[in-house]
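Visitor: What follows is the file upload26.cif, containing mmCIF, C-alpha atoms, pLDDT in the B column; chains and numbers go by the auth columns:
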data_final
loop_
_atom_site.group_PDB
_atom_site.id
_atom_site.type_symbol
_atom_site.label_atom_id
_atom_site.label_comp_id
_atom_site.label_asym_id
_atom_site.label_seq_id
_atom_site.Cartn_x
_atom_site.Cartn_y
_atom_site.Cartn_z
_atom_site.B_iso_or_equiv
_atom_site.auth_seq_id
_atom_site.auth_asym_id
ATOM 1 C CA PHE A 1 -50.949 -19.622 -83.150 97.00 1390 A
ATOM 2 C CA ASP A 2 -51.244 -18.393 -86.728 97.00 1391 A
ATOM 3 C CA ASP A 3 -49.179 -16.565 -89.333 96.00 1392 A
ATOM 4 C CA GLY A 4 -45.647 -17.362 -88.166 96.00 1393 A
ATOM 5 C CA PRO A 5 -42.996 -18.045 -87.492 98.00 1394 A
ATOM 6 C CA ASP A 6 -41.455 -14.644 -86.883 97.00 1395 A
ATOM 7 C CA PRO A 7 -37.891 -14.345 -85.552 97.00 1396 A
ATOM 8 C CA ARG A 8 -38.836 -11.291 -83.448 96.00 1397 A
ATOM 9 C CA TYR A 9 -41.743 -12.870 -81.571 98.00 1398 A
ATOM 10 C CA THR A 10 -41.839 -16.656 -81.963 98.00 1399 A
ATOM 11 C CA PRO A 11 -38.716 -17.388 -79.852 98.00 1400 A
ATOM 12 C CA ARG A 12 -40.114 -15.303 -77.014 98.00 1401 A
ATOM 13 C CA LEU A 13 -43.475 -17.021 -77.339 98.00 1402 A
ATOM 14 C CA LEU A 14 -41.796 -20.422 -77.183 98.00 1403 A
ATOM 15 C CA ASP A 15 -39.920 -19.321 -74.048 98.00 1404 A
ATOM 16 C CA LEU A 16 -43.195 -18.178 -72.465 98.00 1405 A
ATOM 17 C CA LEU A 17 -44.991 -21.431 -73.326 98.00 1406 A
ATOM 18 C CA LYS A 18 -42.115 -23.456 -71.914 98.00 1407 A
ATOM 19 C CA LYS A 19 -42.126 -21.388 -68.708 98.00 1408 A
ATOM 20 C CA HIS A 20 -45.829 -22.154 -68.186 98.00 1409 A
ATOM 21 C CA GLN A 21 -45.620 -25.747 -69.485 97.00 1410 A
ATOM 22 C CA VAL A 22 -48.115 -25.067 -72.271 97.00 1411 A
ATOM 23 C CA LYS A 23 -48.212 -27.005 -75.541 96.00 1412 A
ATOM 24 C CA ALA A 24 -49.740 -25.411 -78.622 96.00 1413 A
ATOM 25 C CA CYS A 25 -50.351 -25.842 -82.318 97.00 1414 A
ATOM 26 C CA PHE A 26 -48.637 -23.415 -84.673 98.00 1415 A
ATOM 27 C CA PHE A 27 -50.319 -22.927 -88.052 98.00 1416 A
ATOM 28 C CA LEU A 28 -47.396 -21.927 -90.245 98.00 1417 A
ATOM 29 C CA VAL A 29 -47.205 -19.855 -93.394 97.00 1418 A
ATOM 30 C CA ALA A 30 -44.941 -22.097 -95.489 97.00 1419 A
ATOM 31 C CA GLN A 31 -42.752 -19.303 -96.881 97.00 1420 A
ATOM 32 C CA ARG A 32 -42.100 -17.945 -93.390 97.00 1421 A
ATOM 33 C CA ALA A 33 -41.419 -21.426 -92.037 98.00 1422 A
ATOM 34 C CA HIS A 34 -39.025 -22.118 -94.903 97.00 1423 A
ATOM 35 C CA SER A 35 -37.148 -18.894 -94.055 97.00 1424 A
ATOM 36 C CA HIS A 36 -36.874 -19.826 -90.356 98.00 1425 A
ATOM 37 C CA PRO A 37 -36.501 -23.610 -90.096 98.00 1426 A
ATOM 38 C CA GLU A 38 -34.733 -23.324 -86.753 98.00 1427 A
ATOM 39 C CA LEU A 39 -37.921 -21.971 -85.190 98.00 1428 A
ATOM 40 C CA VAL A 40 -40.067 -24.765 -86.603 98.00 1429 A
ATOM 41 C CA ASN A 41 -37.568 -27.366 -85.456 98.00 1430 A
ATOM 42 C CA ARG A 42 -37.602 -25.829 -81.990 98.00 1431 A
ATOM 43 C CA MET A 43 -41.411 -25.986 -81.923 98.00 1432 A
ATOM 44 C CA LEU A 44 -41.306 -29.670 -82.719 98.00 1433 A
ATOM 45 C CA GLN A 45 -38.454 -30.416 -80.297 98.00 1434 A
ATOM 46 C CA GLU A 46 -40.406 -28.755 -77.505 98.00 1435 A
ATOM 47 C CA GLY A 47 -43.515 -30.863 -78.157 96.00 1436 A
ATOM 48 C CA HIS A 48 -45.667 -28.410 -80.061 97.00 1437 A
ATOM 49 C CA GLU A 49 -47.735 -29.348 -83.073 96.00 1438 A
ATOM 50 C CA ILE A 50 -47.502 -27.657 -86.461 98.00 1439 A
ATOM 51 C CA GLY A 51 -50.145 -27.209 -89.131 97.00 1440 A
ATOM 52 C CA PHE A 52 -50.411 -25.673 -92.587 97.00 1441 A
ATOM 53 C CA HIS A 53 -51.651 -22.076 -92.911 97.00 1442 A
ATOM 54 C CA SER A 54 -51.063 -21.626 -96.671 95.00 1443 A
ATOM 55 C CA LEU A 55 -48.039 -20.739 -98.748 94.00 1444 A
ATOM 56 C CA GLU A 56 -48.276 -16.938 -98.540 91.00 1445 A
ATOM 57 C CA HIS A 57 -51.308 -16.149 -96.372 88.00 1446 A
ATOM 58 C CA VAL A 58 -53.688 -15.171 -99.174 81.00 1447 A
ATOM 59 C CA ASN A 59 -57.442 -15.206 -98.649 77.00 1448 A
ATOM 60 C CA ALA A 60 -59.071 -18.199 -100.393 76.00 1449 A
ATOM 61 C CA TRP A 61 -61.994 -16.037 -101.503 74.00 1450 A
ATOM 62 C CA ILE A 62 -59.789 -14.267 -104.032 80.00 1451 A
ATOM 63 C CA LYS A 63 -58.155 -17.419 -105.401 82.00 1452 A
ATOM 64 C CA GLY A 64 -59.369 -19.705 -108.122 84.00 1453 A
ATOM 65 C CA PRO A 65 -59.035 -23.496 -108.185 89.00 1454 A
ATOM 66 C CA ARG A 66 -55.682 -23.507 -110.022 93.00 1455 A
ATOM 67 C CA ALA A 67 -54.090 -20.938 -107.684 92.00 1456 A
ATOM 68 C CA THR A 68 -55.454 -22.795 -104.666 92.00 1457 A
ATOM 69 C CA ALA A 69 -54.022 -26.109 -105.864 93.00 1458 A
ATOM 70 C CA GLU A 70 -50.643 -24.447 -106.450 95.00 1459 A
ATOM 71 C CA ASP A 71 -50.718 -22.879 -102.969 95.00 1460 A
ATOM 72 C CA PHE A 72 -51.253 -26.278 -101.356 96.00 1461 A
ATOM 73 C CA GLN A 73 -48.767 -28.066 -103.612 97.00 1462 A
ATOM 74 C CA ARG A 74 -45.932 -25.562 -103.199 97.00 1463 A
ATOM 75 C CA GLY A 75 -46.566 -24.827 -99.533 97.00 1464 A
ATOM 76 C CA LEU A 76 -46.835 -28.434 -98.426 98.00 1465 A
ATOM 77 C CA ALA A 77 -43.817 -29.404 -100.542 98.00 1466 A
ATOM 78 C CA MET A 78 -41.751 -26.724 -98.768 97.00 1467 A
ATOM 79 C CA MET A 79 -42.753 -28.192 -95.436 97.00 1468 A
ATOM 80 C CA GLU A 80 -42.295 -31.839 -96.423 97.00 1469 A
ATOM 81 C CA ASN A 81 -38.859 -31.066 -97.892 97.00 1470 A
ATOM 82 C CA GLN A 82 -37.819 -29.946 -94.405 97.00 1471 A
ATOM 83 C CA GLY A 83 -39.199 -33.172 -92.937 97.00 1472 A
ATOM 84 C CA TRP A 84 -42.205 -31.444 -91.359 97.00 1473 A
ATOM 85 C CA HIS A 85 -45.299 -33.576 -91.770 95.00 1474 A
ATOM 86 C CA VAL A 86 -48.593 -31.803 -91.122 97.00 1475 A
ATOM 87 C CA THR A 87 -52.088 -33.206 -90.711 96.00 1476 A
ATOM 88 C CA ARG A 88 -54.021 -30.023 -89.960 97.00 1477 A
ATOM 89 C CA TYR A 89 -54.984 -26.993 -92.026 97.00 1478 A
ATOM 90 C CA ARG A 90 -56.223 -23.615 -90.891 96.00 1479 A
ATOM 91 C CA PRO A 91 -57.169 -21.290 -93.748 96.00 1480 A
ATOM 92 C CA PRO A 92 -56.041 -17.660 -93.561 93.00 1481 A
ATOM 93 C CA TRP A 93 -58.810 -15.587 -91.931 91.00 1482 A
ATOM 94 C CA GLY A 94 -60.862 -18.782 -91.675 93.00 1483 A
ATOM 95 C CA MET A 95 -61.938 -18.265 -95.272 91.00 1484 A
ATOM 96 C CA VAL A 96 -62.342 -21.320 -97.470 93.00 1485 A
ATOM 97 C CA ASN A 97 -63.596 -21.946 -100.971 91.00 1486 A
ATOM 98 C CA ALA A 98 -64.613 -25.187 -102.650 93.00 1487 A
ATOM 99 C CA ALA A 99 -61.094 -25.647 -104.027 94.00 1488 A
ATOM 100 C CA SER A 100 -59.374 -25.205 -100.641 94.00 1489 A
ATOM 101 C CA LEU A 101 -61.757 -27.663 -98.989 96.00 1490 A
ATOM 102 C CA ARG A 102 -61.126 -30.148 -101.820 96.00 1491 A
ATOM 103 C CA GLN A 103 -57.331 -29.696 -101.567 95.00 1492 A
ATOM 104 C CA ALA A 104 -57.377 -30.223 -97.810 97.00 1493 A
ATOM 105 C CA ARG A 105 -59.545 -33.327 -98.110 97.00 1494 A
ATOM 106 C CA GLN A 106 -57.456 -34.824 -100.951 96.00 1495 A
ATOM 107 C CA ARG A 107 -54.278 -34.308 -98.940 96.00 1496 A
ATOM 108 C CA GLY A 108 -55.711 -35.773 -95.743 97.00 1497 A
ATOM 109 C CA LEU A 109 -55.591 -32.487 -93.851 97.00 1498 A
ATOM 110 C CA HIS A 110 -58.090 -31.849 -91.075 97.00 1499 A
ATOM 111 C CA LEU A 111 -59.664 -28.391 -91.194 96.00 1500 A
ATOM 112 C CA VAL A 112 -59.214 -26.542 -87.890 96.00 1501 A
ATOM 113 C CA LEU A 113 -61.029 -23.320 -87.097 96.00 1502 A
ATOM 114 C CA TRP A 114 -61.511 -21.759 -83.652 96.00 1503 A
ATOM 115 C CA ASN A 115 -64.164 -20.652 -81.211 96.00 1504 A
ATOM 116 C CA VAL A 116 -62.156 -18.040 -79.274 97.00 1505 A
ATOM 117 C CA MET A 117 -60.597 -15.047 -81.002 96.00 1506 A
ATOM 118 C CA ALA A 118 -59.087 -12.151 -79.086 96.00 1507 A
ATOM 119 C CA GLU A 119 -58.507 -9.826 -82.060 96.00 1508 A
ATOM 120 C CA ASP A 120 -54.812 -9.811 -81.168 97.00 1509 A
ATOM 121 C CA TRP A 121 -53.719 -8.980 -84.735 94.00 1510 A
ATOM 122 C CA ARG A 122 -55.021 -5.425 -84.372 93.00 1511 A
ATOM 123 C CA GLY A 123 -52.353 -2.890 -83.468 87.00 1512 A
ATOM 124 C CA TYR A 124 -54.782 -0.940 -81.323 89.00 1513 A
ATOM 125 C CA SER A 125 -55.673 -4.015 -79.210 92.00 1514 A
ATOM 126 C CA ASN A 126 -53.522 -3.611 -76.140 95.00 1515 A
ATOM 127 C CA SER A 127 -52.411 -6.452 -73.889 96.00 1516 A
ATOM 128 C CA TYR A 128 -55.088 -5.778 -71.280 97.00 1517 A
ATOM 129 C CA GLU A 129 -57.890 -5.916 -73.847 97.00 1518 A
ATOM 130 C CA ILE A 130 -56.531 -9.167 -75.242 98.00 1519 A
ATOM 131 C CA THR A 131 -56.221 -10.589 -71.730 98.00 1520 A
ATOM 132 C CA GLU A 132 -59.794 -9.629 -70.867 98.00 1521 A
ATOM 133 C CA LYS A 133 -61.119 -11.186 -74.071 98.00 1522 A
ATOM 134 C CA LEU A 134 -59.287 -14.423 -73.334 98.00 1523 A
ATOM 135 C CA LEU A 135 -60.430 -14.554 -69.716 98.00 1524 A
ATOM 136 C CA SER A 136 -64.056 -13.874 -70.613 98.00 1525 A
ATOM 137 C CA ARG A 137 -64.277 -16.065 -73.733 98.00 1526 A
ATOM 138 C CA VAL A 138 -62.331 -19.214 -72.874 97.00 1527 A
ATOM 139 C CA LYS A 139 -64.477 -22.154 -71.791 95.00 1528 A
ATOM 140 C CA GLY A 140 -63.751 -25.859 -71.462 91.00 1529 A
ATOM 141 C CA GLY A 141 -62.848 -27.274 -74.876 92.00 1530 A
ATOM 142 C CA SER A 142 -62.094 -23.885 -76.420 94.00 1531 A
ATOM 143 C CA VAL A 143 -59.889 -23.658 -79.490 96.00 1532 A
ATOM 144 C CA ILE A 144 -58.093 -20.328 -79.172 97.00 1533 A
ATOM 145 C CA CYS A 145 -56.700 -18.494 -82.180 97.00 1534 A
ATOM 146 C CA LEU A 146 -53.819 -16.098 -81.505 97.00 1535 A
ATOM 147 C CA HIS A 147 -50.952 -14.846 -83.638 97.00 1536 A
ATOM 148 C CA ASP A 148 -47.174 -14.973 -83.337 96.00 1537 A
ATOM 149 C CA ALA A 149 -46.719 -12.988 -86.549 95.00 1538 A
ATOM 150 C CA GLY A 150 -48.637 -10.919 -89.055 89.00 1539 A
ATOM 151 C CA GLY A 151 -51.345 -8.420 -88.337 89.00 1540 A
ATOM 152 C CA ASP A 152 -50.651 -4.786 -87.624 92.00 1541 A
ATOM 153 C CA PRO A 153 -47.059 -3.766 -86.831 91.00 1542 A
ATOM 154 C CA GLY A 154 -46.152 -4.680 -83.270 91.00 1543 A
ATOM 155 C CA ALA A 155 -49.381 -6.589 -82.583 95.00 1544 A
ATOM 156 C CA PRO A 156 -47.617 -9.835 -81.530 96.00 1545 A
ATOM 157 C CA GLU A 157 -45.890 -7.889 -78.750 96.00 1546 A
ATOM 158 C CA HIS A 158 -49.305 -7.278 -77.191 97.00 1547 A
ATOM 159 C CA THR A 159 -50.147 -10.967 -77.557 97.00 1548 A
ATOM 160 C CA LEU A 160 -47.000 -11.924 -75.644 98.00 1549 A
ATOM 161 C CA GLN A 161 -47.804 -9.483 -72.855 97.00 1550 A
ATOM 162 C CA ALA A 162 -51.402 -10.699 -72.684 98.00 1551 A
ATOM 163 C CA LEU A 163 -50.389 -14.344 -72.471 98.00 1552 A
ATOM 164 C CA GLU A 164 -47.977 -13.608 -69.639 98.00 1553 A
ATOM 165 C CA LEU A 165 -51.025 -12.353 -67.721 97.00 1554 A
ATOM 166 C CA ALA A 166 -53.720 -14.729 -68.972 98.00 1555 A
ATOM 167 C CA ILE A 167 -52.020 -18.134 -68.872 98.00 1556 A
ATOM 168 C CA PRO A 168 -51.422 -18.203 -65.080 98.00 1557 A
ATOM 169 C CA ILE A 169 -54.961 -16.973 -64.402 98.00 1558 A
ATOM 170 C CA LEU A 170 -56.512 -19.585 -66.682 98.00 1559 A
ATOM 171 C CA GLN A 171 -54.334 -22.297 -65.144 97.00 1560 A
ATOM 172 C CA LYS A 172 -55.433 -21.222 -61.631 98.00 1561 A
ATOM 173 C CA ARG A 173 -59.019 -21.529 -62.853 97.00 1562 A
ATOM 174 C CA GLY A 174 -58.273 -25.158 -63.671 96.00 1563 A
ATOM 175 C CA TYR A 175 -57.783 -24.957 -67.418 95.00 1564 A
ATOM 176 C CA VAL A 176 -55.230 -27.252 -68.980 93.00 1565 A
ATOM 177 C CA PHE A 177 -53.730 -26.330 -72.333 94.00 1566 A
ATOM 178 C CA THR A 178 -53.375 -29.242 -74.749 91.00 1567 A
ATOM 179 C CA ARG A 179 -52.471 -29.787 -78.342 88.00 1568 A
ATOM 180 C CA LEU A 180 -55.331 -30.334 -80.738 88.00 1569 A
ATOM 181 C CA GLY A 181 -57.007 -33.702 -80.323 78.00 1570 A
ATOM 182 C CA GLU A 182 -55.435 -34.452 -76.944 80.00 1571 A
ATOM 183 C CA GLN A 183 -57.769 -35.373 -74.134 64.00 1572 A
ATOM 184 C CA VAL A 184 -57.241 -34.354 -70.520 62.00 1573 A
#
Turn the structure described in the file into structure tokens.
Guide:
Amino acid sequence: FDDGPDPRYTPRLLDLLKKHQVKACFFLVAQRAHSHPELVNRMLQEGHEIGFHSLEHVNAWIKGPRATAEDFQRGLAMMENQGWHVTRYRPPWGMVNAASLRQARQRGLHLVLWNVMAEDWRGYSNSYEITEKLLSRVKGGSVICLHDAGGDPGAPEHTLQALELAIPILQKRGYVFTRLGEQV
């Protein structure tokens, strides 16, 4: 899950994941995480993984090397100061530049992209469309990218509704949700 945490949606998402015994990785925007440490601590207490998703969620394509270095330095410092150690990095919009790749490598962060996107950040994507995209696109070994914050106003509400439908169906199909790097 990208772009969070968000106090309106993330607690409900955590409740839903707990209900279905699903573990996930949350790629956090450092400023949002810093504003809502209780949500990050809950993620960790409940066995979820966290990763770095930038300081402010700015596209790397519009940032130079100095701004990129500052984004990593300030964002990761915010997280480390809370005691949150991260080993994974997902760039906003999946956009990288040479500086962001260098910063991630120098800091020992593993770049994580995805191979399933359900366009859940769009306000006009309703829960049924998101559900259908998940059900038709997920395959064994898929890395799914969804959002618990950001995007168009109200979009995470549709994501929550879609997951309430999709998770049980995918589990009945035999899929097991794991954290990144875990083997089943």
Visitor: Let me know the residues the PyMOL selection byres ((chain A and resi 1402) around 12) catches in the file above, as a PyMOL selection string.
Guide: chain A and resi 1390+1393-1401+1403-1413+1415+1428+1431-1432+1437+1535-1538+1545-1553
Visitor: For the atom pair atom CA of Asn1515 of chain A and atom CA of Ala1544 of chain A, what is the interatomic distance in Å to one decimal place?
Guide: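 Separation between atom CA of Asn1515 of chain A and atom CA of Ala1544 of chain A: 8.2 Å.
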Visitor: As a check of understanding, name the residues that the PyMOL selection byres ((chain A and resi 1565) around 10) selects in the supplied structure, as a list in words.
Guide: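 For this structure, the PyMOL selection byres ((chain A and resi 1565) around 10) captures Gln1410, Val1411, Lys1412, Gly1529, Gly1530, Ile1556, Leu1559, Gln1560, Lys1561, Arg1562, Gly1563, Tyr1564, Phe1566, Thr1567, Gln1572 and Val1573 of chain A.
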Visitor: I need the chosen residues saved as a PDB file, in the coordinates of the input, with C-alpha atoms.
Guide:
ATOM      1  CA  GLN A1410     -45.620 -25.747 -69.485  1.00 97.00           C
ATOM      2  CA  VAL A1411     -48.115 -25.067 -72.271  1.00 97.00           C
ATOM      3  CA  LYS A1412     -48.212 -27.005 -75.541  1.00 96.00           C
ATOM      4  CA  GLY A1529     -63.751 -25.859 -71.462  1.00 91.00           C
ATOM      5  CA  GLY A1530     -62.848 -27.274 -74.876  1.00 92.00           C
ATOM      6  CA  ILE A1556     -52.020 -18.134 -68.872  1.00 98.00           C
ATOM      7  CA  LEU A1559     -56.512 -19.585 -66.682  1.00 98.00           C
ATOM      8  CA  GLN A1560     -54.334 -22.297 -65.144  1.00 97.00           C
ATOM      9  CA  LYS A1561     -55.433 -21.222 -61.631  1.00 98.00           C
ATOM     10  CA  ARG A1562     -59.019 -21.529 -62.853  1.00 97.00           C
ATOM     11  CA  GLY A1563     -58.273 -25.158 -63.671  1.00 96.00           C
ATOM     12  CA  TYR A1564     -57.783 -24.957 -67.418  1.00 95.00           C
ATOM     13  CA  PHE A1566     -53.730 -26.330 -72.333  1.00 94.00           C
ATOM     14  CA  THR A1567     -53.375 -29.242 -74.749  1.00 91.00           C
ATOM     15  CA  GLN A1572     -57.769 -35.373 -74.134  1.00 64.00           C
ATOM     16  CA  VAL A1573     -57.241 -34.354 -70.520  1.00 62.00           C
TER      17      VAL A1573
END
Visitor: Env of segment 1419-1426 of chain A: 12 Å cut, atoms = all atoms listed in the file, seq-sep filter 4 positions within chain, self excluded. Answer as a VMD selection string.
Guide: chain A and resid 1391 to 1397 1399 to 1400 1415 1430 to 1433 1439 to 1447 1460 to 1473 1475 1478 1537 to 1539
Visitor: Work out how far apart atom CA of Arg1477 of chain A and atom CA of Glu1459 of chain A are and give it in Å to one decimal.
Guide: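 Distance between the two atoms: 17.7 Å.
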Visitor: May I have the residues within 6 Å of segment 1492-1508 of chain A as a CSV table (one decimal) with C-alpha atoms, in the coordinates of the input, using only C-alpha atoms and disregarding those fewer than 4 positions away in the same chain?
Guide:
chain,number,residue,atom,x,y,z
A,1476,THR,CA,-52.1,-33.2,-90.7
A,1477,ARG,CA,-54.0,-30.0,-90.0
A,1478,TYR,CA,-55.0,-27.0,-92.0
A,1479,ARG,CA,-56.2,-23.6,-90.9
A,1519,ILE,CA,-56.5,-9.2,-75.2
A,1522,LYS,CA,-61.1,-11.2,-74.1
A,1532,VAL,CA,-59.9,-23.7,-79.5
A,1533,ILE,CA,-58.1,-20.3,-79.2
A,1534,CYS,CA,-56.7,-18.5,-82.2
Visitor: What does the structure give for the distance between atom CA of Val1485 of chain A and atom CA of Asn1448 of chain A, in Å to one decimal?
Guide: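 Rounded to one decimal, the two atoms are 7.9 Å apart.
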Visitor: Using the chain letters and numbers from the file, which residues does the PyMOL selection byres ((chain A and resi 1487) around 10) grab, as a list in words?
Guide: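 This file gives the following for the PyMOL selection byres ((chain A and resi 1487) around 10): Ala1449, Trp1450, Gly1453, Pro1454, Thr1457, Val1485, Asn1486, Ala1488, Ser1489, Leu1490, Arg1491 and Gln1492 of chain A.
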Visitor: As JSON, please report the centre and edge lengths, rounded to one decimal in Å, of the axis-aligned box that holds all listed atoms of segment 1435-1446 of chain A with 6 Å of padding on each of the six sides.
Guide:
{"center_x": -46.0, "center_y": -23.5, "center_z": -88.1, "size_x": 23.2, "size_y": 26.7, "size_z": 33.2}
